[in-house]
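Source file: target25.tsv. Holds: TSV, C-alpha atoms.
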chain	number	residue	atom	x	y	z
A	136	MET	CA	95.41	128.16	115.77
A	137	ASN	CA	94.52	125.96	118.73
A	138	SER	CA	93.44	122.33	118.41
A	139	ALA	CA	89.83	123.05	119.44
A	140	VAL	CA	89.38	125.55	116.63
A	141	THR	CA	91.08	123.21	114.13
A	142	MET	CA	88.90	120.25	115.09
A	143	ASN	CA	85.77	122.40	114.92
A	144	ASN	CA	86.63	123.38	111.34
A	145	ASP	CA	87.37	119.77	110.40
A	146	VAL	CA	84.09	118.57	111.83
A	147	LYS	CA	82.24	121.27	109.91
A	148	LEU	CA	83.91	120.12	106.68
A	149	LEU	CA	82.90	116.54	107.39
A	150	GLN	CA	79.35	117.68	108.18
A	151	ARG	CA	79.14	119.61	104.88
A	152	ALA	CA	80.31	116.56	102.93
A	153	GLY	CA	77.84	114.36	104.79
A	154	ASP	CA	74.97	116.75	104.10
A	155	TYR	CA	75.78	116.69	100.38
A	156	ALA	CA	76.00	112.90	100.20
A	157	LEU	CA	72.80	112.41	102.18
A	158	SER	CA	70.98	114.79	99.87
A	159	ALA	CA	72.06	112.54	96.98
A	160	ILE	CA	70.81	109.39	98.69
A	161	ASP	CA	67.40	111.01	99.22
A	162	THR	CA	66.58	110.28	95.56
A	163	VAL	CA	67.43	106.56	95.83
A	164	ASP	CA	65.14	103.65	96.60
A	165	VAL	CA	65.70	99.90	96.29
A	166	GLY	CA	64.16	99.87	92.82
A	167	LEU	CA	67.14	101.84	91.49
A	168	LEU	CA	69.92	99.60	92.80
A	169	SER	CA	70.68	98.01	89.43
A	170	LEU	CA	71.46	101.37	87.79
A	171	PRO	CA	75.02	101.81	86.42
A	172	THR	CA	77.39	104.27	88.07
A	173	PRO	CA	80.49	106.26	87.09
A	174	CYS	CA	82.56	103.41	88.57
A	175	SER	CA	83.25	100.85	85.85
A	176	GLU	CA	81.02	97.77	86.02
A	177	TRP	CA	79.59	98.71	89.42
A	178	ASP	CA	75.87	99.08	89.77
A	179	LEU	CA	74.39	101.31	92.44
A	180	ARG	CA	74.05	98.50	94.97
A	181	MET	CA	77.75	97.65	94.66
A	182	LEU	CA	78.71	101.32	94.92
A	183	LEU	CA	76.65	101.80	98.07
A	184	ASP	CA	78.10	98.64	99.62
A	185	HIS	CA	81.63	99.87	98.85
A	186	ALA	CA	80.92	103.39	100.14
A	187	SER	CA	79.39	102.07	103.37
A	188	GLU	CA	82.38	99.81	103.95
A	189	SER	CA	84.80	102.70	103.34
A	190	VAL	CA	82.94	104.96	105.76
A	191	ALA	CA	82.82	102.15	108.33
A	192	ALA	CA	86.60	101.71	108.02
A	193	LEU	CA	87.09	105.43	108.65
A	194	HIS	CA	84.83	105.16	111.69
A	195	GLU	CA	86.99	102.34	113.03
A	196	GLY	CA	89.99	104.61	112.61
A	197	LEU	CA	88.40	107.17	114.89
A	198	ASP	CA	88.05	104.48	117.57
A	199	SER	CA	91.21	102.43	117.06
A	200	GLY	CA	93.72	104.86	115.57
A	201	ARG	CA	94.16	102.83	112.37
A	202	VAL	CA	92.22	102.96	109.10
A	203	GLY	CA	92.41	99.90	106.85
A	204	LEU	CA	91.32	99.64	103.24
A	205	PHE	CA	88.27	97.73	104.44
A	206	SER	CA	86.24	97.63	107.60
A	207	THR	CA	86.87	94.67	109.92
A	208	VAL	CA	83.26	94.78	111.08
A	209	PRO	CA	81.20	92.16	109.19
A	210	TYR	CA	78.90	93.88	106.68
A	211	ASP	CA	75.45	92.46	106.00
A	212	THR	CA	75.22	92.47	102.20
A	213	ALA	CA	71.55	91.50	102.46
A	214	ALA	CA	70.75	94.74	104.28
A	215	ASN	CA	69.12	97.69	102.54
A	216	PRO	CA	72.21	99.46	101.12
A	217	VAL	CA	70.44	102.83	100.99
A	218	LEU	CA	69.69	102.76	104.70
A	219	ALA	CA	73.13	101.29	105.45
A	220	PHE	CA	74.93	104.15	103.68
A	221	ARG	CA	72.78	106.77	105.40
A	222	SER	CA	73.44	105.15	108.78
A	223	CYS	CA	77.21	104.84	108.24
A	224	VAL	CA	77.59	108.48	107.17
A	225	THR	CA	75.37	109.82	109.95
A	226	ARG	CA	77.18	107.79	112.63
A	227	LEU	CA	80.61	108.85	111.42
A	228	VAL	CA	79.76	112.55	111.34
A	229	ASP	CA	77.97	112.48	114.69
A	230	ASP	CA	80.66	110.45	116.47
A	231	TRP	CA	83.50	112.55	115.05
A	232	ALA	CA	81.75	115.71	116.24
A	233	ALA	CA	81.24	114.21	119.70
A	234	SER	CA	84.74	112.80	120.10
A	235	ASN	CA	86.84	116.00	120.14
A	236	ALA	CA	89.54	113.63	118.86
A	237	VAL	CA	93.15	114.77	118.61
A	238	GLY	CA	96.36	112.92	117.84
A	239	LEU	CA	97.46	110.72	114.97
A	240	VAL	CA	95.79	107.96	112.98
A	241	ALA	CA	97.43	105.41	110.68
A	242	VAL	CA	95.88	105.42	107.21
A	243	ALA	CA	97.41	102.54	105.26
A	244	ASP	CA	101.18	103.18	105.71
A	245	CYS	CA	100.85	106.88	106.55
A	246	LEU	CA	100.48	108.54	109.94
A	247	MET	CA	98.38	111.69	109.81
A	248	PRO	CA	96.62	113.99	112.28
A	249	LEU	CA	93.03	113.08	112.98
A	250	SER	CA	92.11	116.53	111.71
A	251	LEU	CA	93.49	115.59	108.28
A	252	ALA	CA	91.82	112.17	108.45
A	253	ALA	CA	88.51	114.01	108.79
A	254	GLY	CA	89.36	115.68	105.49
A	255	VAL	CA	90.03	112.28	103.91
A	256	ALA	CA	86.61	111.12	105.13
A	257	ALA	CA	85.00	114.26	103.72
A	258	VAL	CA	86.53	113.64	100.27
A	259	GLU	CA	85.43	109.99	100.28
A	260	ILE	CA	81.88	110.80	101.34
A	261	ALA	CA	81.35	113.76	99.01
A	262	VAL	CA	82.75	112.11	95.89
A	263	HIS	CA	80.68	108.99	96.43
A	264	GLY	CA	77.70	111.29	96.95
A	265	TRP	CA	78.39	112.64	93.47
A	266	ASP	CA	78.63	109.09	92.11
A	267	ILE	CA	75.22	108.31	93.61
A	268	ALA	CA	73.67	111.44	92.13
A	269	GLN	CA	75.06	110.62	88.70
A	270	ALA	CA	73.74	107.07	88.87
A	271	THR	CA	70.22	108.33	89.49
A	272	GLY	CA	70.44	110.87	86.65
A	273	VAL	CA	70.53	113.90	88.96
A	274	HIS	CA	73.14	116.48	87.91
A	275	ARG	CA	73.99	117.56	91.45
A	276	LEU	CA	77.26	119.48	91.61
A	277	ILE	CA	79.38	119.33	94.74
A	278	PRO	CA	78.84	122.80	96.29
A	279	ALA	CA	81.56	125.21	95.16
A	280	ALA	CA	82.91	126.13	98.60
A	281	LEU	CA	82.99	122.48	99.65
A	282	ALA	CA	84.71	121.45	96.41
A	283	VAL	CA	87.41	124.12	96.89
A	284	ASP	CA	88.18	122.82	100.38
A	285	LEU	CA	88.18	119.18	99.27
A	286	LEU	CA	90.46	119.93	96.31
A	287	ALA	CA	92.99	121.52	98.64
A	288	ILE	CA	92.98	118.41	100.83
A	289	SER	CA	93.16	116.07	97.83
A	290	ALA	CA	96.12	117.95	96.35
A	291	LEU	CA	97.90	117.64	99.69
A	292	LEU	CA	97.30	113.90	100.00
A	293	LEU	CA	97.48	112.51	96.48
A	294	SER	CA	100.41	112.16	94.15
A	295	ASP	CA	100.81	110.05	91.04
A	296	GLY	CA	102.50	107.37	93.12
A	297	ASN	CA	99.80	106.87	95.75
A	298	ARG	CA	96.54	107.14	93.80
A	299	HIS	CA	96.04	103.49	92.85
A	300	PRO	CA	93.72	101.71	93.56
A	301	LEU	CA	91.45	104.42	94.99
A	302	PHE	CA	91.66	106.99	92.20
A	303	ALA	CA	92.49	107.08	88.51
A	304	PRO	CA	95.06	109.54	87.04
A	305	PRO	CA	93.87	113.15	86.96
A	306	LEU	CA	91.91	114.37	83.97
A	307	ARG	CA	91.88	117.77	82.29
A	308	PRO	CA	88.93	119.71	83.75
A	309	PRO	CA	86.41	121.32	81.40
A	310	ALA	CA	87.55	124.72	80.15
A	311	LEU	CA	84.60	126.44	81.81
A	312	GLY	CA	84.39	124.05	84.72
A	313	GLY	CA	83.86	125.27	88.26
A	314	PRO	CA	85.27	123.93	91.55
A	315	SER	CA	83.15	120.76	91.44
A	316	GLU	CA	84.40	119.83	87.96
A	317	LYS	CA	88.00	120.64	88.92
A	318	LEU	CA	87.81	118.41	92.00
A	319	LEU	CA	86.28	115.54	90.04
A	320	ALA	CA	88.87	115.86	87.28
A	321	PHE	CA	91.71	115.85	89.81
A	322	LEU	CA	90.31	112.62	91.25
A	323	GLY	CA	90.03	111.04	87.80
A	324	ARG	CA	86.29	111.35	87.35
A	325	PRO	CA	84.78	112.88	84.21
A	326	ALA	CA	82.30	115.59	85.16
A	327	LEU	CA	79.32	113.95	83.51
A	328	ALA	CA	76.27	116.09	82.88
A	329	HIS	CA	73.89	113.24	82.10
A	330	PRO	CA	72.99	109.86	83.61
A	331	VAL	CA	75.70	107.26	83.15
A	332	SER	CA	75.18	104.26	80.89
A	333	HIS	CA	76.77	100.80	80.77
A	334	ARG	CA	80.18	101.14	79.15
A	335	SER	CA	83.80	100.25	79.79
A	336	GLU	CA	85.65	102.86	81.87
A	337	THR	CA	88.59	102.99	84.20
A	338	ASP	CA	87.34	102.14	87.70
A	339	THR	CA	87.88	105.31	89.71
A	340	SER	CA	86.17	104.24	92.90
Can you present the structure in this file as structure tokens?
Amino acid sequence: MNSAVTMNNDVKLLQRAGDYALSAIDTVDVGLLSLPTPCSEWDLRMLLDHASESVAALHEGLDSGRVGLFSTVPYDTAANPVLAFRSCVTRLVDDWAASNAVGLVAVADCLMPLSLAAGVAAVEIAVHGWDIAQATGVHRLIPAALAVDLLAISALLLSDGNRHPLFAPPLRPPALGGPSEKLLAFLGRPALAHPVSHRSETDTS
């Protein structure tokens, strides 16, 4: 398979993840920012700030060849976090599609092809999209075909030794769970069917 075909597929995966996450943010306004989320002791504002910073760090990796745990670009915490998340996701997807990027990128201590880094970005964006949907009480599954692709990437990247602090240990998926539930369980997130409430959980963000 040539690099152009590979990159085209990777960009499509990133676009699918972005579309899902942006559909989740469509239900959010600033009046909902104090809602709890699946991430322990994070309200929706904090989750959106974290997600925007993560996406911004991935965007820097596209430009600089290195992805840190946090973006080095100052983030305006007074900004509207709903609009900031939408802007960060849209810019990342659009710029990745326009870049035709090839080569390697450093993610923490690991060198990986940019094509695989696009998969990392897709996982990050889609799973936080699910977090957002859960916080607003919308039971919005990650689309089955997207979840299957993201699970394959996650299984390739994650082992018990390199999950912390981004993901909790894997959970047992529901017996009748589909691809979305299996992906969430692998990433340490319970596949909640109802709005989250304030309680003590392992932080799986």
Within 7 Å of A:Leu183, counting all atoms listed in the file, which residues qualify if same-chain residues fewer than 2 places away don't, as a VMD selection string? chain A and resid 179 to 181 185 to 187 216 to 217 220
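Each of A:Gly166, A:Pro278, A:Pro305, A:Gly196 was compared to A:Ala261 using all atoms listed in the file, and A:Pro278 turns out to be the nearest.
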What does the distance from atom CA of A:Asp154 to atom CA of A:Asp230 come to in Å, to one decimal? 15.0 Å
Residues near stretch 266-276 of chain A, cut-off 10 Å, all atoms listed in the file, skip fewer than 6 positions along chain, as a PyMOL selection string: chain A and resi 155-164+167-174+178-180+182-183+186+260+282+313-316+319+324+326-332+340
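The closest residue to A:Asp229, picked from A:Leu322, A:Leu197, A:Val202, A:Ala287 and counting all atoms listed in the file, is A:Leu197.
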Calculated over all atoms listed in the file, which of the candidates A:Pro325, A:Gly254, A:Gly153, A:Pro248 has the smallest distance to A:Leu285? A:Gly254
Between atom CA of A:Gly238 and atom CA of A:Gly200, what is the distance in Å, rounded to a tenth? 8.8 Å
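Between atom CA of A:Arg226 and atom CA of A:Ala280 lies a distance of 23.8 Å.
If only C-alpha atoms are the atoms counted, then among A:Leu148, A:Asn215, A:Ala256, A:Asp244 the closest residue to A:Val190 is A:Ala256.
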Looking at A:Leu246, A:Ala232, A:Leu311, A:Val255, which one is nearest to A:Ala290, with distances taken over all atoms listed in the file? A:Val255
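Shortest atom-to-atom contact with A:Ala192 among A:Leu218, A:Leu227, A:Leu249, A:Leu292: A:Leu227, counting all atoms listed in the file.
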